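Here is run18.json, consisting of JSON, C-alpha atoms:
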[["chain", "number", "residue", "atom", "x", "y", "z"],
["Z", 1, "MET", "CA", 23.32, -201.56, -16.64],
["Z", 2, "THR", "CA", 25.67, -200.90, -13.72],
["Z", 3, "THR", "CA", 25.72, -202.98, -10.53],
["Z", 4, "LEU", "CA", 24.06, -200.09, -8.67],
["Z", 5, "GLU", "CA", 21.30, -199.86, -11.28],
["Z", 6, "LYS", "CA", 20.80, -203.63, -11.12],
["Z", 7, "ASN", "CA", 20.50, -203.53, -7.32],
["Z", 8, "LYS", "CA", 17.94, -200.71, -7.50],
["Z", 9, "SER", "CA", 15.97, -202.66, -10.07],
["Z", 10, "ASP", "CA", 15.96, -205.80, -7.92],
["Z", 11, "GLU", "CA", 14.90, -203.81, -4.86],
["Z", 12, "LYS", "CA", 12.05, -202.17, -6.77],
["Z", 13, "PHE", "CA", 10.78, -205.48, -8.12],
["Z", 14, "SER", "CA", 10.87, -207.11, -4.70],
["Z", 15, "GLN", "CA", 8.24, -204.64, -3.46],
["Z", 16, "TYR", "CA", 5.70, -205.66, -6.09],
["Z", 17, "ALA", "CA", 2.95, -208.14, -5.23],
["Z", 18, "HIS", "CA", 4.18, -210.48, -7.98],
["Z", 19, "PRO", "CA", 7.85, -209.77, -8.66],
["Z", 20, "GLU", "CA", 8.06, -212.98, -10.68],
["Z", 21, "VAL", "CA", 6.29, -211.35, -13.64],
["Z", 22, "ILE", "CA", 8.78, -208.56, -14.29],
["Z", 23, "VAL", "CA", 12.42, -208.57, -15.40],
["Z", 24, "ASP", "CA", 14.94, -205.87, -16.27],
["Z", 25, "THR", "CA", 16.86, -205.32, -19.49],
["Z", 26, "GLN", "CA", 19.96, -207.04, -18.12],
["Z", 27, "TRP", "CA", 18.01, -210.22, -17.42],
["Z", 28, "VAL", "CA", 16.75, -210.21, -21.00],
["Z", 29, "ALA", "CA", 20.26, -209.59, -22.36],
["Z", 30, "ASP", "CA", 21.47, -212.58, -20.35],
["Z", 31, "HIS", "CA", 18.74, -214.87, -21.73],
["Z", 32, "ILE", "CA", 18.58, -213.88, -25.41],
["Z", 33, "ASN", "CA", 19.68, -217.33, -26.55],
["Z", 34, "ASP", "CA", 17.93, -219.35, -23.85],
["Z", 35, "SER", "CA", 15.92, -222.10, -25.55],
["Z", 36, "ASN", "CA", 13.27, -221.96, -22.80],
["Z", 37, "VAL", "CA", 12.70, -218.23, -23.30],
["Z", 38, "ARG", "CA", 10.85, -216.48, -26.11],
["Z", 39, "ILE", "CA", 11.29, -212.72, -26.24],
["Z", 40, "ILE", "CA", 8.25, -211.08, -27.86],
["Z", 41, "GLU", "CA", 8.01, -207.54, -29.19],
["Z", 42, "SER", "CA", 4.55, -206.02, -29.60],
["Z", 43, "ASN", "CA", 4.12, -202.36, -30.56],
["Z", 44, "GLU", "CA", 1.45, -199.88, -31.51],
["Z", 45, "ASP", "CA", 3.58, -199.08, -34.57],
["Z", 46, "ILE", "CA", 3.83, -202.48, -36.21],
["Z", 47, "LEU", "CA", 6.70, -201.28, -38.46],
["Z", 48, "LEU", "CA", 9.06, -200.60, -35.55],
["Z", 49, "TYR", "CA", 10.12, -204.23, -35.25],
["Z", 50, "ASP", "CA", 11.63, -204.19, -38.74],
["Z", 51, "THR", "CA", 13.78, -201.14, -37.94],
["Z", 52, "GLY", "CA", 15.61, -203.08, -35.23],
["Z", 53, "HIS", "CA", 14.61, -205.31, -32.33],
["Z", 54, "ILE", "CA", 16.16, -207.33, -29.54],
["Z", 55, "PRO", "CA", 18.12, -210.16, -31.18],
["Z", 56, "ASN", "CA", 16.14, -213.39, -31.41],
["Z", 57, "ALA", "CA", 12.87, -211.63, -30.53],
["Z", 58, "ALA", "CA", 9.63, -212.73, -32.15],
["Z", 59, "HIS", "CA", 7.12, -210.18, -33.41],
["Z", 60, "ILE", "CA", 3.48, -210.46, -32.32],
["Z", 61, "ASP", "CA", 1.27, -208.10, -34.33],
["Z", 62, "TRP", "CA", -1.64, -207.16, -32.07],
["Z", 63, "ARG", "CA", -3.97, -206.81, -35.04],
["Z", 64, "LYS", "CA", -2.93, -209.58, -37.42],
["Z", 65, "ASP", "CA", -1.94, -212.20, -34.84],
["Z", 66, "LEU", "CA", -4.34, -211.61, -31.95],
["Z", 67, "GLN", "CA", -7.53, -210.18, -33.47],
["Z", 68, "ASP", "CA", -10.20, -211.99, -35.46],
["Z", 69, "ASP", "CA", -10.29, -210.37, -38.90],
["Z", 70, "LEU", "CA", -14.08, -210.64, -39.32],
["Z", 71, "VAL", "CA", -15.66, -210.45, -35.86],
["Z", 72, "ARG", "CA", -14.71, -207.81, -33.31],
["Z", 73, "ASP", "CA", -13.15, -210.32, -30.95],
["Z", 74, "TYR", "CA", -9.92, -212.12, -30.24],
["Z", 75, "ILE", "CA", -8.76, -215.18, -32.08],
["Z", 76, "THR", "CA", -10.04, -218.62, -31.18],
["Z", 77, "PRO", "CA", -8.09, -221.05, -28.96],
["Z", 78, "GLU", "CA", -7.18, -222.96, -32.14],
["Z", 79, "LYS", "CA", -5.70, -219.82, -33.74],
["Z", 80, "PHE", "CA", -3.84, -218.97, -30.55],
["Z", 81, "ALA", "CA", -2.22, -222.40, -30.61],
["Z", 82, "GLU", "CA", -1.14, -221.72, -34.21],
["Z", 83, "VAL", "CA", 0.41, -218.36, -33.27],
["Z", 84, "CYS", "CA", 2.38, -219.97, -30.46],
["Z", 85, "SER", "CA", 3.44, -222.97, -32.54],
["Z", 86, "LYS", "CA", 4.83, -220.90, -35.42],
["Z", 87, "ASN", "CA", 6.86, -218.85, -32.93],
["Z", 88, "GLY", "CA", 8.37, -221.91, -31.30],
["Z", 89, "ILE", "CA", 6.41, -221.51, -28.06],
["Z", 90, "THR", "CA", 5.36, -224.40, -25.82],
["Z", 91, "PRO", "CA", 3.22, -224.17, -22.66],
["Z", 92, "GLU", "CA", 6.47, -224.26, -20.66],
["Z", 93, "THR", "CA", 8.16, -221.43, -22.60],
["Z", 94, "LYS", "CA", 8.79, -218.25, -20.61],
["Z", 95, "CYS", "CA", 7.39, -215.47, -22.80],
["Z", 96, "VAL", "CA", 9.05, -212.10, -22.20],
["Z", 97, "PHE", "CA", 7.00, -209.19, -23.54],
["Z", 98, "TYR", "CA", 8.26, -205.73, -24.41],
["Z", 99, "GLY", "CA", 7.30, -202.93, -26.76],
["Z", 100, "ASP", "CA", 7.02, -199.22, -27.42],
["Z", 101, "LYS", "CA", 5.27, -196.54, -25.36],
["Z", 102, "SER", "CA", 6.01, -197.80, -21.84],
["Z", 103, "ASN", "CA", 4.99, -201.35, -22.78],
["Z", 104, "TRP", "CA", 1.47, -200.15, -23.52],
["Z", 105, "TRP", "CA", 0.89, -202.68, -26.32],
["Z", 106, "ALA", "CA", 3.15, -205.31, -24.79],
["Z", 107, "CYS", "CA", 0.75, -205.37, -21.82],
["Z", 108, "TYR", "CA", -2.08, -205.86, -24.30],
["Z", 109, "ALA", "CA", -0.36, -208.91, -25.82],
["Z", 110, "PHE", "CA", 0.49, -210.15, -22.31],
["Z", 111, "TRP", "CA", -3.19, -209.85, -21.36],
["Z", 112, "VAL", "CA", -4.31, -211.80, -24.44],
["Z", 113, "PHE", "CA", -1.84, -214.57, -23.59],
["Z", 114, "GLN", "CA", -3.44, -214.66, -20.15],
["Z", 115, "LEU", "CA", -6.87, -214.99, -21.78],
["Z", 116, "PHE", "CA", -5.64, -218.29, -23.18],
["Z", 117, "GLY", "CA", -4.03, -219.42, -19.95],
["Z", 118, "HIS", "CA", -0.34, -219.12, -20.83],
["Z", 119, "LYS", "CA", 0.93, -218.57, -17.30],
["Z", 120, "ASN", "CA", 4.70, -218.36, -17.87],
["Z", 121, "THR", "CA", 4.74, -214.73, -18.95],
["Z", 122, "VAL", "CA", 6.81, -211.74, -17.83],
["Z", 123, "MET", "CA", 7.22, -208.08, -18.78],
["Z", 124, "MET", "CA", 10.54, -206.36, -19.49],
["Z", 125, "ASP", "CA", 10.51, -203.16, -17.44],
["Z", 126, "GLY", "CA", 11.04, -200.07, -19.58],
["Z", 127, "GLY", "CA", 10.29, -201.84, -22.83],
["Z", 128, "ARG", "CA", 11.78, -200.99, -26.19],
["Z", 129, "ASP", "CA", 12.65, -197.41, -25.23],
["Z", 130, "LYS", "CA", 14.81, -198.43, -22.28],
["Z", 131, "TRP", "CA", 16.61, -201.09, -24.29],
["Z", 132, "LEU", "CA", 17.49, -198.51, -26.95],
["Z", 133, "ALA", "CA", 18.38, -195.82, -24.39],
["Z", 134, "GLU", "CA", 20.94, -198.21, -22.90],
["Z", 135, "GLU", "CA", 22.38, -198.69, -26.41],
["Z", 136, "ARG", "CA", 21.97, -202.42, -26.26],
["Z", 137, "GLU", "CA", 22.32, -204.66, -29.28],
["Z", 138, "THR", "CA", 19.55, -204.74, -31.87],
["Z", 139, "SER", "CA", 19.00, -206.75, -35.03],
["Z", 140, "ARG", "CA", 16.97, -206.41, -38.20],
["Z", 141, "GLU", "CA", 17.13, -210.13, -38.83],
["Z", 142, "LYS", "CA", 13.85, -211.94, -38.42],
["Z", 143, "PRO", "CA", 14.61, -215.09, -36.44],
["Z", 144, "SER", "CA", 13.39, -218.49, -37.52],
["Z", 145, "PHE", "CA", 11.98, -220.75, -34.82],
["Z", 146, "GLN", "CA", 11.46, -224.48, -34.91],
["Z", 147, "LYS", "CA", 7.72, -225.05, -35.04],
["Z", 148, "THR", "CA", 6.17, -226.59, -31.95],
["Z", 149, "SER", "CA", 2.84, -228.31, -31.33],
["Z", 150, "TYR", "CA", 1.20, -225.97, -28.86],
["Z", 151, "PRO", "CA", -1.94, -227.66, -27.49],
["Z", 152, "THR", "CA", -5.24, -225.89, -28.12],
["Z", 153, "PRO", "CA", -6.31, -224.16, -24.89],
["Z", 154, "ALA", "CA", -9.50, -225.61, -23.41],
["Z", 155, "LYS", "CA", -11.09, -222.16, -23.29],
["Z", 156, "ARG", "CA", -10.57, -218.42, -23.25],
["Z", 157, "ARG", "CA", -10.70, -216.91, -19.77],
["Z", 158, "ASP", "CA", -13.32, -214.33, -20.78],
["Z", 159, "ASP", "CA", -15.25, -214.77, -17.54],
["Z", 160, "GLU", "CA", -12.17, -214.18, -15.36],
["Z", 161, "ILE", "CA", -10.15, -211.24, -16.68],
["Z", 162, "ARG", "CA", -12.37, -209.75, -19.38],
["Z", 163, "ALA", "CA", -15.48, -207.59, -19.06],
["Z", 164, "PHE", "CA", -18.19, -207.06, -21.66],
["Z", 165, "PHE", "CA", -20.74, -204.27, -22.09],
["Z", 166, "ASP", "CA", -23.38, -205.87, -19.88],
["Z", 167, "ASP", "CA", -20.80, -206.54, -17.15],
["Z", 168, "THR", "CA", -19.67, -202.93, -17.25],
["Z", 169, "LEU", "CA", -23.22, -201.57, -17.26],
["Z", 170, "ALA", "CA", -24.09, -203.70, -14.22],
["Z", 171, "HIS", "CA", -20.90, -202.52, -12.52],
["Z", 172, "SER", "CA", -21.86, -198.91, -13.14],
["Z", 173, "GLN", "CA", -25.41, -199.37, -11.90],
["Z", 174, "ALA", "CA", -24.15, -201.13, -8.75],
["Z", 175, "GLU", "CA", -21.62, -198.30, -8.20],
["Z", 176, "LYS", "CA", -18.70, -200.72, -8.20],
["Z", 177, "PRO", "CA", -15.18, -199.49, -9.07],
["Z", 178, "LEU", "CA", -14.68, -198.51, -12.70],
["Z", 179, "VAL", "CA", -11.40, -196.94, -13.85],
["Z", 180, "ASP", "CA", -11.27, -194.89, -17.04],
["Z", 181, "VAL", "CA", -7.61, -194.74, -18.08],
["Z", 182, "ARG", "CA", -7.98, -192.41, -21.08],
["Z", 183, "SER", "CA", -6.74, -188.85, -21.44],
["Z", 184, "PRO", "CA", -8.50, -186.02, -19.56],
["Z", 185, "GLY", "CA", -10.16, -184.74, -22.74],
["Z", 186, "GLU", "CA", -11.58, -188.13, -23.57],
["Z", 187, "PHE", "CA", -12.91, -188.61, -20.05],
["Z", 188, "SER", "CA", -14.59, -185.19, -19.96],
["Z", 189, "GLY", "CA", -16.20, -185.68, -23.36],
["Z", 190, "GLU", "CA", -14.26, -182.87, -25.03],
["Z", 191, "ARG", "CA", -12.54, -185.40, -27.32],
["Z", 192, "THR", "CA", -13.25, -188.89, -28.63],
["Z", 193, "HIS", "CA", -9.60, -189.92, -28.89],
["Z", 194, "MET", "CA", -6.20, -188.83, -27.59],
["Z", 195, "PRO", "CA", -5.21, -185.31, -28.76],
["Z", 196, "GLU", "CA", -2.58, -186.51, -31.25],
["Z", 197, "TYR", "CA", -4.93, -189.00, -32.93],
["Z", 198, "PRO", "CA", -7.81, -188.47, -35.42],
["Z", 199, "GLN", "CA", -11.06, -187.68, -33.60],
["Z", 200, "GLU", "CA", -13.08, -190.41, -35.25],
["Z", 201, "GLY", "CA", -14.50, -193.88, -34.70],
["Z", 202, "VAL", "CA", -17.00, -193.03, -31.96],
["Z", 203, "LEU", "CA", -20.17, -190.95, -32.00],
["Z", 204, "ARG", "CA", -20.25, -189.59, -28.45],
["Z", 205, "GLY", "CA", -17.67, -188.43, -25.94],
["Z", 206, "GLY", "CA", -17.75, -188.79, -22.18],
["Z", 207, "HIS", "CA", -17.35, -191.64, -19.72],
["Z", 208, "VAL", "CA", -19.23, -194.51, -18.12],
["Z", 209, "PRO", "CA", -21.34, -193.15, -15.24],
["Z", 210, "GLY", "CA", -19.52, -193.44, -11.94],
["Z", 211, "ALA", "CA", -16.10, -194.15, -13.45],
["Z", 212, "LYS", "CA", -13.00, -192.79, -11.74],
["Z", 213, "HIS", "CA", -10.37, -191.19, -13.92],
["Z", 214, "CYS", "CA", -6.69, -192.12, -13.89],
["Z", 215, "PRO", "CA", -4.67, -191.97, -17.14],
["Z", 216, "TRP", "CA", -2.76, -195.20, -17.69],
["Z", 217, "ALA", "CA", 0.59, -193.43, -18.18],
["Z", 218, "ARG", "CA", 0.62, -192.19, -14.58],
["Z", 219, "ALA", "CA", 1.91, -195.66, -13.70],
["Z", 220, "ALA", "CA", 5.07, -195.12, -15.77],
["Z", 221, "ASN", "CA", 8.24, -193.10, -15.20],
["Z", 222, "ASP", "CA", 9.85, -190.83, -17.77],
["Z", 223, "ASP", "CA", 12.24, -193.64, -18.72],
["Z", 224, "LYS", "CA", 9.19, -195.84, -19.49],
["Z", 225, "THR", "CA", 9.69, -198.14, -16.49],
["Z", 226, "PHE", "CA", 6.93, -198.87, -14.00],
["Z", 227, "LYS", "CA", 6.74, -196.71, -10.90],
["Z", 228, "THR", "CA", 7.53, -198.22, -7.53],
["Z", 229, "ALA", "CA", 4.91, -200.11, -5.53],
["Z", 230, "GLU", "CA", 4.75, -197.23, -3.06],
["Z", 231, "GLU", "CA", 4.13, -194.70, -5.82],
["Z", 232, "LEU", "CA", 1.49, -196.91, -7.44],
["Z", 233, "LYS", "CA", -0.32, -197.44, -4.14],
["Z", 234, "ALA", "CA", -0.39, -193.68, -3.61],
["Z", 235, "ILE", "CA", -2.15, -193.30, -6.96],
["Z", 236, "TYR", "CA", -4.61, -196.18, -7.05],
["Z", 237, "GLU", "CA", -5.30, -196.72, -3.37],
["Z", 238, "GLY", "CA", -4.60, -193.24, -2.03],
["Z", 239, "GLU", "CA", -6.04, -190.99, -4.74],
["Z", 240, "LEU", "CA", -8.65, -193.28, -6.31],
["Z", 241, "GLY", "CA", -9.61, -195.00, -3.07],
["Z", 242, "LEU", "CA", -9.35, -198.51, -4.52],
["Z", 243, "SER", "CA", -8.65, -201.58, -2.41],
["Z", 244, "PRO", "CA", -6.94, -204.84, -3.46],
["Z", 245, "LYS", "CA", -10.16, -206.58, -2.41],
["Z", 246, "ASP", "CA", -12.27, -204.57, -4.87],
["Z", 247, "ASP", "CA", -13.90, -205.98, -8.00],
["Z", 248, "VAL", "CA", -12.47, -203.55, -10.59],
["Z", 249, "ILE", "CA", -13.17, -203.00, -14.28],
["Z", 250, "ALA", "CA", -10.74, -200.87, -16.31],
["Z", 251, "TYR", "CA", -11.44, -199.46, -19.76],
["Z", 252, "CYS", "CA", -10.06, -197.05, -22.35],
["Z", 253, "ARG", "CA", -10.92, -196.79, -26.05],
["Z", 254, "ILE", "CA", -10.27, -200.31, -27.41],
["Z", 255, "GLY", "CA", -8.82, -202.07, -24.37],
["Z", 256, "GLU", "CA", -5.11, -201.60, -24.95],
["Z", 257, "ARG", "CA", -4.35, -198.75, -22.54],
["Z", 258, "SER", "CA", -6.53, -200.39, -19.91],
["Z", 259, "SER", "CA", -4.54, -203.62, -20.26],
["Z", 260, "HIS", "CA", -1.55, -201.64, -18.90],
["Z", 261, "THR", "CA", -3.60, -200.60, -15.86],
["Z", 262, "TRP", "CA", -4.90, -204.17, -15.54],
["Z", 263, "PHE", "CA", -1.29, -205.38, -15.37],
["Z", 264, "VAL", "CA", -0.35, -202.78, -12.78],
["Z", 265, "LEU", "CA", -3.32, -203.49, -10.51],
["Z", 266, "THR", "CA", -3.17, -207.27, -10.87],
["Z", 267, "TYR", "CA", 0.55, -208.02, -10.74],
["Z", 268, "LEU", "CA", 2.30, -205.00, -9.25],
["Z", 269, "LEU", "CA", -0.29, -204.18, -6.57],
["Z", 270, "GLY", "CA", -1.88, -207.61, -6.12],
["Z", 271, "PHE", "CA", -5.54, -206.75, -6.70],
["Z", 272, "GLY", "CA", -7.53, -209.99, -6.67],
["Z", 273, "LYS", "CA", -10.16, -209.26, -9.31],
["Z", 274, "VAL", "CA", -9.48, -206.86, -12.16],
["Z", 275, "ARG", "CA", -11.12, -207.18, -15.56],
["Z", 276, "ASN", "CA", -10.32, -205.38, -18.78],
["Z", 277, "TYR", "CA", -13.31, -204.07, -20.75],
["Z", 278, "ASP", "CA", -11.80, -204.33, -24.21],
["Z", 279, "GLY", "CA", -14.95, -203.11, -25.99],
["Z", 280, "SER", "CA", -14.25, -199.89, -24.11],
["Z", 281, "TRP", "CA", -15.31, -196.51, -25.44],
["Z", 282, "THR", "CA", -15.55, -197.48, -29.12],
["Z", 283, "GLU", "CA", -18.34, -199.84, -28.06],
["Z", 284, "TRP", "CA", -19.87, -197.77, -25.25],
["Z", 285, "GLY", "CA", -19.80, -194.45, -27.11],
["Z", 286, "ASN", "CA", -21.48, -196.01, -30.16],
["Z", 287, "ARG", "CA", -23.96, -198.24, -28.32],
["Z", 288, "VAL", "CA", -27.63, -197.28, -28.66],
["Z", 289, "GLY", "CA", -29.05, -196.53, -25.24],
["Z", 290, "ALA", "CA", -25.75, -196.64, -23.34],
["Z", 291, "PRO", "CA", -25.74, -194.00, -20.55],
["Z", 292, "ILE", "CA", -22.84, -191.57, -20.37],
["Z", 293, "GLU", "CA", -21.60, -188.73, -18.20],
["Z", 294, "LYS", "CA", -19.81, -185.62, -19.44],
["Z", 295, "ASP", "CA", -17.80, -182.93, -17.70],
["Z", 296, "VAL", "CA", -18.17, -180.37, -20.51]]

Now, as a test, write the supplied structure out as C-alpha cells.
Amino acid sequence: MTTLEKNKSDEKFSQYAHPEVIVDTQWVADHINDSNVRIIESNEDILLYDTGHIPNAAHIDWRKDLQDDLVRDYITPEKFAEVCSKNGITPETKCVFYGDKSNWWACYAFWVFQLFGHKNTVMMDGGRDKWLAEERETSREKPSFQKTSYPTPAKRRDDEIRAFFDDTLAHSQAEKPLVDVRSPGEFSGERTHMPEYPQEGVLRGGHVPGAKHCPWARAANDDKTFKTAEELKAIYEGELGLSPKDDVIAYCRIGERSSHTWFVLTYLLGFGKVRNYDGSWTEWGNRVGAPIEKDV
C-alpha cells in the first residue's frame, strides 16, 4: 500500500460513524505479531483458510465453531468462552476479522462475537481478496496459540442486536423498517436462493410484507472494500429512506448477508438500533402461516 493509498484509506475511515472498528490491510500487516491482536479469518468456503491465510491468523469456522450442532441456534456462552480460549483470546484482545466475498462471512462472525459482548473487534477493509490482490504474505501454517481462560459471558445479547420471527412479524405489522438484503430474484419470489446456488431449503419464495429491498453487496466496491460514508448514505438514507433513528431489522436467507448490512448500518452509518433476523427466509419461507409478498 502506497502512502497515497494509505492517506485515502484514513480519510475514508474518518468519515464513518465509528472509524475505530475498521482497519486497512497495512494496519494488519503491521500488527501480525502483536500479542494483543488476534487476526481471525472466517469464510463461506471453509477450505480457503488451508490454501493460504494471513500469517498468524486463526480460523473461525462459522458452522463448526459458532453454530449449535443440534438446535438451530448459536453456541452457548460457555461454548463461546471455549472457542475464544483455544484461540488465545482474552476479553482485552483486539479481534481483527476478515474473509472472502467482501467480508460477508467475516461480518457474520463479527456479529456473533458482538452477541457475546466481545467489544474489542474490528474489520479489515477489503478482506481476503484485497490482501491477496496486494500480493501480501500468506501462510499455510496453522498457528498455535497459548490457551487462555476466557470468562463465560453473562448472557447473549439476543434482545439487543438479534431479531426473531415474532419480532419481525410485529415489525412488519407495525410497518417499521425492514430491509431484505437478498438478490432481486429472491426478493421477488422468482427464486429461493441466489442464482448460483441450489434452489432448495425453503418451500416458498417472496419477501416479508413491507420489506424494502437493497442487496447487501451494494455496500461494497469492486475491490471488496466498503463504500464511502457518502455513498452508503445515498443508498440507505437517500434511496431507502431510512434514518439513523429508525428501529431497523435486516434479513436475508440465514442471517449471514444481513450481518454485513447490520455492520454497515450500525458502525459505518451510526444507526442506533439495528437487529439481524438470523432465522431469515429459511425460517420465514417455511413457517406455517407466515405472510409473504411476491412480485411475480

What are the closest atom pairs, with distances in Å to one decimal, for all residues of region 159-271 of chain Z lying within 8 Å of region 118-126 of chain Z? Consider all atoms listed in the file, order rows by chain and residue number, and present the result as CSV.
residue,atom,partner,partner_atom,distance
Z:Asp223,CA,Z:Gly126,CA,6.6
Z:Lys224,CA,Z:Gly126,CA,4.6
Z:Thr225,CA,Z:Gly126,CA,3.9
Z:Phe226,CA,Z:Asp125,CA,6.6

Name the closest residue to Trp105 (chain Z) among the candidates Z:Gly206, Z:Pro184, Z:Gly127, Z:Pro195; distances are taken between atoms, counting only C-alpha atoms.
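Under the stated criterion, the closest residue is Z:Gly127.
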
Give me the residues near Val264 (chain Z) as number ranges by chain, where near means some atom within 12 Å (using only C-alpha atoms) and where sequence neighbours in that chain fewer than 4 positions away do not count. Z: 16-19, 21-22, 103-104, 107, 111, 123, 125, 216-220, 225-229, 231-233, 235-236, 244, 250, 257-260, 268-272, 274-276

### Task
Pick out the residues sitting within 9 Å of region 57-61 of chain Z, and hand them over as a ChimeraX atom specification; count only C-alpha atoms, and ignore anything fewer than 5 positions along from it in its own chain.
/Z:32,38-44,46,49,66,83,87,109,142-145

For this session: Within 12 Å of Pro91 (chain Z), counting all atoms listed in the file, which residues show up once you throw out same-chain ones fewer than 5 positions away? Write them as a ChimeraX atom specification, please.
Result: /Z:36-38,80-81,84-85,113-114,116-121,148-153

Mind dumping the selected residues with C-alpha atoms as a compact mmCIF listing (two decimals), in the frame of the given file?
# COMPACT_ATOMS: atom_id res chain seq x y z
CA ASN Z 36 13.27 -221.96 -22.80
CA VAL Z 37 12.70 -218.23 -23.30
CA ARG Z 38 10.85 -216.48 -26.11
CA PHE Z 80 -3.84 -218.97 -30.55
CA ALA Z 81 -2.22 -222.40 -30.61
CA CYS Z 84 2.38 -219.97 -30.46
CA SER Z 85 3.44 -222.97 -32.54
CA PHE Z 113 -1.84 -214.57 -23.59
CA GLN Z 114 -3.44 -214.66 -20.15
CA PHE Z 116 -5.64 -218.29 -23.18
CA GLY Z 117 -4.03 -219.42 -19.95
CA HIS Z 118 -0.34 -219.12 -20.83
CA LYS Z 119 0.93 -218.57 -17.30
CA ASN Z 120 4.70 -218.36 -17.87
CA THR Z 121 4.74 -214.73 -18.95
CA THR Z 148 6.17 -226.59 -31.95
CA SER Z 149 2.84 -228.31 -31.33
CA TYR Z 150 1.20 -225.97 -28.86
CA PRO Z 151 -1.94 -227.66 -27.49
CA THR Z 152 -5.24 -225.89 -28.12
CA PRO Z 153 -6.31 -224.16 -24.89

Closest to Glu20 (chain Z) among Z:Asn286, Z:Leu265, Z:Lys94, Z:Trp281, using all atoms listed in the file?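 Nearest to Glu20 (chain Z): Z:Lys94.
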
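The space separating CA of Ser9 (chain Z) from CA of Asn33 (chain Z) comes to 22.4 Å.
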
At a cut-off of 12 Å, using only C-alpha atoms, what residues contact Arg72 (chain Z)? Leave out same-chain residues fewer than 2 positions from it and give the result as a PDB file with C-alpha atoms, in the coordinates of the input.
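Contents of the output file part30.pdb:
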ATOM      1  CA  ARG Z  63      -3.970-206.810 -35.040  1.00  0.00           C
ATOM      2  CA  LEU Z  66      -4.340-211.610 -31.950  1.00  0.00           C
ATOM      3  CA  GLN Z  67      -7.530-210.180 -33.470  1.00  0.00           C
ATOM      4  CA  ASP Z  68     -10.200-211.990 -35.460  1.00  0.00           C
ATOM      5  CA  ASP Z  69     -10.290-210.370 -38.900  1.00  0.00           C
ATOM      6  CA  LEU Z  70     -14.080-210.640 -39.320  1.00  0.00           C
ATOM      7  CA  TYR Z  74      -9.920-212.120 -30.240  1.00  0.00           C
ATOM      8  CA  ILE Z  75      -8.760-215.180 -32.080  1.00  0.00           C
ATOM      9  CA  THR Z  76     -10.040-218.620 -31.180  1.00  0.00           C
ATOM     10  CA  ILE Z 254     -10.270-200.310 -27.410  1.00  0.00           C
ATOM     11  CA  ASP Z 278     -11.800-204.330 -24.210  1.00  0.00           C
ATOM     12  CA  GLY Z 279     -14.950-203.110 -25.990  1.00  0.00           C
ATOM     13  CA  THR Z 282     -15.550-197.480 -29.120  1.00  0.00           C
ATOM     14  CA  GLU Z 283     -18.340-199.840 -28.060  1.00  0.00           C
TER      15      GLU Z 283
END
